[in-house]
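All remarks here apply to the structure that follows.
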Amino acid sequence: QQGLSQQAFGNACGNMGMPPMPFPGMPVPYAPPVPMDPSIAVSVEGMKFQYQLTEDDLHKVFVRYGPVKSIRVDDAGASAVITFNNFQDAQGAMVALNGKMLNGLEGTLRIQWAGVGPSIAPPYPSM
């Protein structure tokens, strides 16, 4: 009987220090948000005048990082959402281009995961 209680105690304490596993279908705790489609939101900050983003200009820049699935520019041309075929390409473009100055202009590219509010820290170090 002593062996049985030690075995039960060992099983009960065997997971000490480890977080409990979530129930099936539940999100994993503390997992960073991963977008369903690897989409990034693009805008330009710090311009003295309204800079108009175009689908063609954005495609030329972002296709360097991987195949672009779609580009949606808002009606004013102030921001756009770019969807890549895979997460790594989207993240690579974001890391490489966020905070970069536009050539010959006083504007800075701002890129974040589409649909993620500004209160959530980006998944990469600030530049």
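In the structure tokens, the first chain shown is A, the next is B, and so on; residue numbers restart at 1 for each chain, and ligands run from 1 in the order shown.
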
Please list as a short mmCIF file (atom, residue, chain, number, x, y, z; two decimals) with N, CA and C atoms, in the first residue's frame every residue within 7 Å of A:Leu53, counting only C-alpha atoms and excluding residues in the same chain fewer than 3 positions away.
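File written: result_14.cif
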```cif
data_model
loop_
_atom_site.label_atom_id
_atom_site.label_comp_id
_atom_site.auth_asym_id
_atom_site.auth_seq_id
_atom_site.Cartn_x
_atom_site.Cartn_y
_atom_site.Cartn_z
N GLY A 77 -5.67 56.39 -49.77
CA GLY A 77 -4.28 56.06 -50.09
C GLY A 77 -3.35 56.29 -48.92
N ALA A 78 -3.91 56.41 -47.71
CA ALA A 78 -3.10 56.69 -46.52
C ALA A 78 -2.55 55.43 -45.87
N SER A 79 -3.21 54.30 -46.09
CA SER A 79 -2.75 53.05 -45.50
C SER A 79 -3.12 51.89 -46.40
#
```

Checklist line | Near-A:Leu97 list (10 Å; only C-alpha atoms; drop same-chain fewer than 3 positions) as a PyMOL selection string | finding: chain A and resi 42+61-62+91-94+100-102+108-111

Next item on the list: Considering only C-alpha atoms, state which residue in the set A:Gln88, A:Ser43, A:Ser70, A:Gln112 is at the smallest distance from A:Glu55.
Entry: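 So, comparing all the options, the nearest one is A:Ser70.
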
Margin query: Which residues are near A:Val73? Cut-off 12 Å, only C-alpha atoms, ignore same chain within fewer than 6 positions. Put them as number ranges by chain.
Written below: A: 40-43, 52-59, 79-83

Notebook entry, point to check: Which is closer to A:Gly99 than all the others in A:Glu45, A:Phe87, A:Pro38, A:Lys69, using only C-alpha atoms?
Noted result: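 For A:Gly99, the nearest of the given residues is A:Glu45.
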
Next item on the list: Pick out the closest residue to A:Met36 from this set: A:Asp74, A:Asn103, A:Ala96, A:Phe84. Count only C-alpha atoms.
Entry: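 Closest residue, counting only C-alpha atoms: A:Phe84.
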
Check: Could you pull out the strand (DSSP E) residues of stretch 65-120 of chain A from DSSP and send them as an MDAnalysis selection string?
Finding: chainID A and resid 68:73 79:84 108:113

Save the residues we just selected, N, CA and C atoms, as an mmCIF file, in the first residue's frame?
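Generated output (part35.cif):
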```
data_model
loop_
_atom_site.group_PDB
_atom_site.id
_atom_site.type_symbol
_atom_site.label_atom_id
_atom_site.label_comp_id
_atom_site.auth_asym_id
_atom_site.auth_seq_id
_atom_site.Cartn_x
_atom_site.Cartn_y
_atom_site.Cartn_z
ATOM 1 N N VAL A 68 3.418 38.014 -52.860
ATOM 2 C CA VAL A 68 2.338 38.795 -52.267
ATOM 3 C C VAL A 68 1.011 38.244 -52.755
ATOM 4 N N LYS A 69 0.149 37.897 -51.822
ATOM 5 C CA LYS A 69 -1.153 37.329 -52.152
ATOM 6 C C LYS A 69 -2.141 38.419 -52.566
ATOM 7 N N SER A 70 -2.167 39.529 -51.811
ATOM 8 C CA SER A 70 -3.065 40.638 -52.151
ATOM 9 C C SER A 70 -2.592 41.931 -51.513
ATOM 10 N N ILE A 71 -3.023 43.054 -52.103
ATOM 11 C CA ILE A 71 -2.751 44.385 -51.573
ATOM 12 C C ILE A 71 -4.063 45.160 -51.614
ATOM 13 N N ARG A 72 -4.451 45.709 -50.459
ATOM 14 C CA ARG A 72 -5.662 46.545 -50.383
ATOM 15 C C ARG A 72 -5.269 47.920 -49.855
ATOM 16 N N VAL A 73 -5.407 48.934 -50.701
ATOM 17 C CA VAL A 73 -5.112 50.316 -50.316
ATOM 18 C C VAL A 73 -6.434 50.976 -49.957
ATOM 19 N N SER A 79 -3.210 54.304 -46.093
ATOM 20 C CA SER A 79 -2.747 53.049 -45.500
ATOM 21 C C SER A 79 -3.125 51.889 -46.404
ATOM 22 N N ALA A 80 -2.510 50.750 -46.134
ATOM 23 C CA ALA A 80 -2.767 49.565 -46.951
ATOM 24 C C ALA A 80 -2.590 48.319 -46.105
ATOM 25 N N VAL A 81 -3.205 47.235 -46.557
ATOM 26 C CA VAL A 81 -3.006 45.929 -45.951
ATOM 27 C C VAL A 81 -2.425 45.019 -47.028
ATOM 28 N N ILE A 82 -1.288 44.416 -46.713
ATOM 29 C CA ILE A 82 -0.601 43.539 -47.655
ATOM 30 C C ILE A 82 -0.611 42.135 -47.077
ATOM 31 N N THR A 83 -1.093 41.187 -47.866
ATOM 32 C CA THR A 83 -1.166 39.796 -47.431
ATOM 33 C C THR A 83 -0.143 38.985 -48.215
ATOM 34 N N PHE A 84 0.685 38.277 -47.475
ATOM 35 C CA PHE A 84 1.696 37.411 -48.081
ATOM 36 C C PHE A 84 1.187 35.974 -48.110
ATOM 37 N N THR A 108 8.128 58.210 -42.694
ATOM 38 C CA THR A 108 8.631 56.964 -42.133
ATOM 39 C C THR A 108 7.580 55.879 -42.304
ATOM 40 N N LEU A 109 7.993 54.719 -42.785
ATOM 41 C CA LEU A 109 7.065 53.594 -42.905
ATOM 42 C C LEU A 109 6.736 53.037 -41.528
ATOM 43 N N ARG A 110 5.464 52.802 -41.277
ATOM 44 C CA ARG A 110 5.013 52.143 -40.046
ATOM 45 C C ARG A 110 4.292 50.873 -40.460
ATOM 46 N N ILE A 111 4.773 49.743 -39.954
ATOM 47 C CA ILE A 111 4.219 48.440 -40.336
ATOM 48 C C ILE A 111 3.942 47.642 -39.076
ATOM 49 N N GLN A 112 2.754 47.051 -39.007
ATOM 50 C CA GLN A 112 2.393 46.165 -37.893
ATOM 51 C C GLN A 112 1.492 45.070 -38.438
ATOM 52 N N TRP A 113 1.229 44.050 -37.625
ATOM 53 C CA TRP A 113 0.309 42.999 -38.043
ATOM 54 C C TRP A 113 -1.068 43.607 -38.244
#
```

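Picture a line from atom CA of A:Arg64 to atom CA of A:Ala90; it runs 10.8 Å.
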